[in-house]
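The structure appears right after this line, and notes come after that.
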Amino acid sequence: MKIPLRPSLLKVRRQSVKWIILHHTSEMYDEPGARIDNAKYQLKYLFNGVLEKKQGDVNYHYVIDKIKDDYIATVTRPFVYLCEWDDIDVNINNRAIHVALMGNYDFKVPEKRMYEVLAFRLLNPFMKMYHIAPNKIKMHYEVSSNKDLTCPGDFIDRAIVESMVRRFVIK
Ligand SMILES: [Zn+2]
């Protein structure tokens, strides 16, 4: 299954990156395959959701999916295009990179390896290139106008994200 590549539906980023926002995929895509992470390749369930919702592409720039025995970070929207989040202040969203964890972390406890892959492959490289401080990495619920939101999930521990970022700091 292939998503049609339709850059005309996407808005080009005009400002440099200043924020990284973390999500989990269960908030947006309803198919069970997008809500429970397992060892199978699951991006196709997000692609189904993109087609159903008539989006230009997956509404995250990167998704971390566990495939077989390790976590893989995949580009799901080229980061030169903005994601669409009505609940996030436009001044933040226009400068944000959105990273989603496959599954539902309100129910699932994250593995240490997931945090390691997140920090090493995504967070630290962007922090280095765009001079992003750790306090500019936000959980979706921290920047949302929706006060009931738990995204990226109750079990995602901010303190562990920060300690991993410190561990992989690029000098
Ligand atoms: Zn979210």
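Just remember, in the structure tokens the first chain shown is A, the second B, etc., residues are 1-based per chain, and ligands are 1-based in the order shown.
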
Write out as a PyMOL selection string which residues come within 9 Å of stretch 115-122 of chain A when counting only C-alpha atoms, dropping same-chain ones fewer than 5 positions away. chain A and resi 62+64+70-73+99+101+110+127+160-162+164-169

Could those residues be written to a file, using N, CA and C atoms, as an mmCIF file, in the first residue's frame?
```
data_model
loop_
_atom_site.group_PDB
_atom_site.id
_atom_site.type_symbol
_atom_site.label_atom_id
_atom_site.label_comp_id
_atom_site.auth_asym_id
_atom_site.auth_seq_id
_atom_site.Cartn_x
_atom_site.Cartn_y
_atom_site.Cartn_z
ATOM 1 N N TYR A 62 8.079 12.145 12.251
ATOM 2 C CA TYR A 62 8.750 10.855 12.469
ATOM 3 C C TYR A 62 7.867 9.983 13.342
ATOM 4 N N ILE A 64 8.241 6.325 15.625
ATOM 5 C CA ILE A 64 9.092 5.244 16.132
ATOM 6 C C ILE A 64 8.227 4.010 16.333
ATOM 7 N N ASP A 70 13.630 -4.478 17.548
ATOM 8 C CA ASP A 70 14.184 -3.153 17.850
ATOM 9 C C ASP A 70 13.272 -2.042 17.343
ATOM 10 N N TYR A 71 13.539 -0.827 17.839
ATOM 11 C CA TYR A 71 12.753 0.345 17.465
ATOM 12 C C TYR A 71 13.379 1.027 16.257
ATOM 13 N N ILE A 72 12.528 1.375 15.304
ATOM 14 C CA ILE A 72 12.977 1.995 14.058
ATOM 15 C C ILE A 72 12.318 3.364 13.959
ATOM 16 N N ALA A 73 13.116 4.393 13.649
ATOM 17 C CA ALA A 73 12.569 5.737 13.429
ATOM 18 C C ALA A 73 12.387 5.940 11.932
ATOM 19 N N VAL A 99 7.209 14.203 16.683
ATOM 20 C CA VAL A 99 7.687 12.808 16.737
ATOM 21 C C VAL A 99 6.643 11.971 17.469
ATOM 22 N N LEU A 101 5.288 8.101 18.910
ATOM 23 C CA LEU A 101 5.607 6.732 19.306
ATOM 24 C C LEU A 101 4.427 5.863 18.887
ATOM 25 N N PRO A 110 6.777 2.117 28.443
ATOM 26 C CA PRO A 110 7.832 2.143 27.425
ATOM 27 C C PRO A 110 9.077 1.373 27.853
ATOM 28 N N MET A 127 18.491 18.684 18.264
ATOM 29 C CA MET A 127 18.929 19.636 19.281
ATOM 30 C C MET A 127 20.262 20.264 18.900
ATOM 31 N N ILE A 160 12.910 10.644 32.157
ATOM 32 C CA ILE A 160 13.733 9.671 31.422
ATOM 33 C C ILE A 160 14.128 10.233 30.053
ATOM 34 N N VAL A 161 13.195 10.920 29.405
ATOM 35 C CA VAL A 161 13.542 11.571 28.125
ATOM 36 C C VAL A 161 14.729 12.517 28.358
ATOM 37 N N GLU A 162 14.667 13.303 29.408
ATOM 38 C CA GLU A 162 15.742 14.259 29.677
ATOM 39 C C GLU A 162 17.055 13.565 30.002
ATOM 40 N N MET A 164 18.036 10.647 28.920
ATOM 41 C CA MET A 164 18.559 10.075 27.680
ATOM 42 C C MET A 164 19.182 11.159 26.800
ATOM 43 N N VAL A 165 18.535 12.308 26.773
ATOM 44 C CA VAL A 165 19.076 13.427 26.000
ATOM 45 C C VAL A 165 20.454 13.826 26.544
ATOM 46 N N ARG A 166 20.567 13.805 27.863
ATOM 47 C CA ARG A 166 21.876 14.125 28.457
ATOM 48 C C ARG A 166 22.909 13.062 28.111
ATOM 49 N N ARG A 167 22.460 11.801 28.058
ATOM 50 C CA ARG A 167 23.396 10.717 27.794
ATOM 51 C C ARG A 167 23.970 10.787 26.377
ATOM 52 N N PHE A 168 23.186 11.232 25.423
ATOM 53 C CA PHE A 168 23.620 11.227 24.025
ATOM 54 C C PHE A 168 23.976 12.617 23.511
ATOM 55 N N VAL A 169 24.264 13.531 24.428
ATOM 56 C CA VAL A 169 24.569 14.906 24.015
ATOM 57 C C VAL A 169 25.738 14.912 23.028
#
```

How would you write, as a list in words, the set of residues no farther than 8 Å from ligand 1 when counting only C-alpha atoms and all ligand atoms? Ile21, Leu22, His23, His24, Thr25, Glu27, Met28, Ala100, Met139, His140, Tyr141, Cys151 and Pro152 of chain A

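Counting only C-alpha atoms, the residue from A:Gln42, A:Ser16, A:Ser144, A:Asn48 that sits nearest to A:Asp86 is A:Ser144.
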
Using DSSP assignments from the backbone, pull out every residue in chain A that falls under strand (DSSP E) and give it to me as a PyMOL selection string. chain A and resi 19-24+62-67+70-75+96-101+137-139

In Å to one decimal, how far is atom CA of A:Gly56 from atom CA of A:Thr76? 10.8 Å

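Separating atom CA of A:Ala96 from atom CA of A:Lys128 is a distance of 14.9 Å.
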
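Atom CA of A:Ala159 to atom CA of A:Lys147 spans 21.1 Å [interatomic distance, one decimal].
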
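Counting only C-alpha atoms, A:Ile97 has the following residues at most 8 Å away, ignoring those fewer than 2 positions along the same chain: A:Val17, A:Trp19, A:Ile20, A:Ile21, A:Tyr60, A:His61, A:Phe79, A:Asn93, A:Arg95, A:Val99.
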
Could you write those residues out with C-alpha atoms, as a short mmCIF file (atom, residue, chain, number, x, y, z; two decimals), in the first residue's frame?
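Output file again37.cif is given in full below:
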```
data_model
loop_
_atom_site.label_atom_id
_atom_site.label_comp_id
_atom_site.auth_asym_id
_atom_site.auth_seq_id
_atom_site.Cartn_x
_atom_site.Cartn_y
_atom_site.Cartn_z
CA VAL A 17 13.02 24.54 14.15
CA TRP A 19 10.54 22.87 19.41
CA ILE A 20 10.22 19.08 19.37
CA ILE A 21 6.81 17.71 20.35
CA TYR A 60 3.88 13.46 12.39
CA HIS A 61 7.34 14.05 10.96
CA PHE A 79 10.19 17.96 8.03
CA ASN A 93 3.62 24.64 15.60
CA ARG A 95 8.63 25.89 14.45
CA VAL A 99 7.69 12.81 16.74
#
```
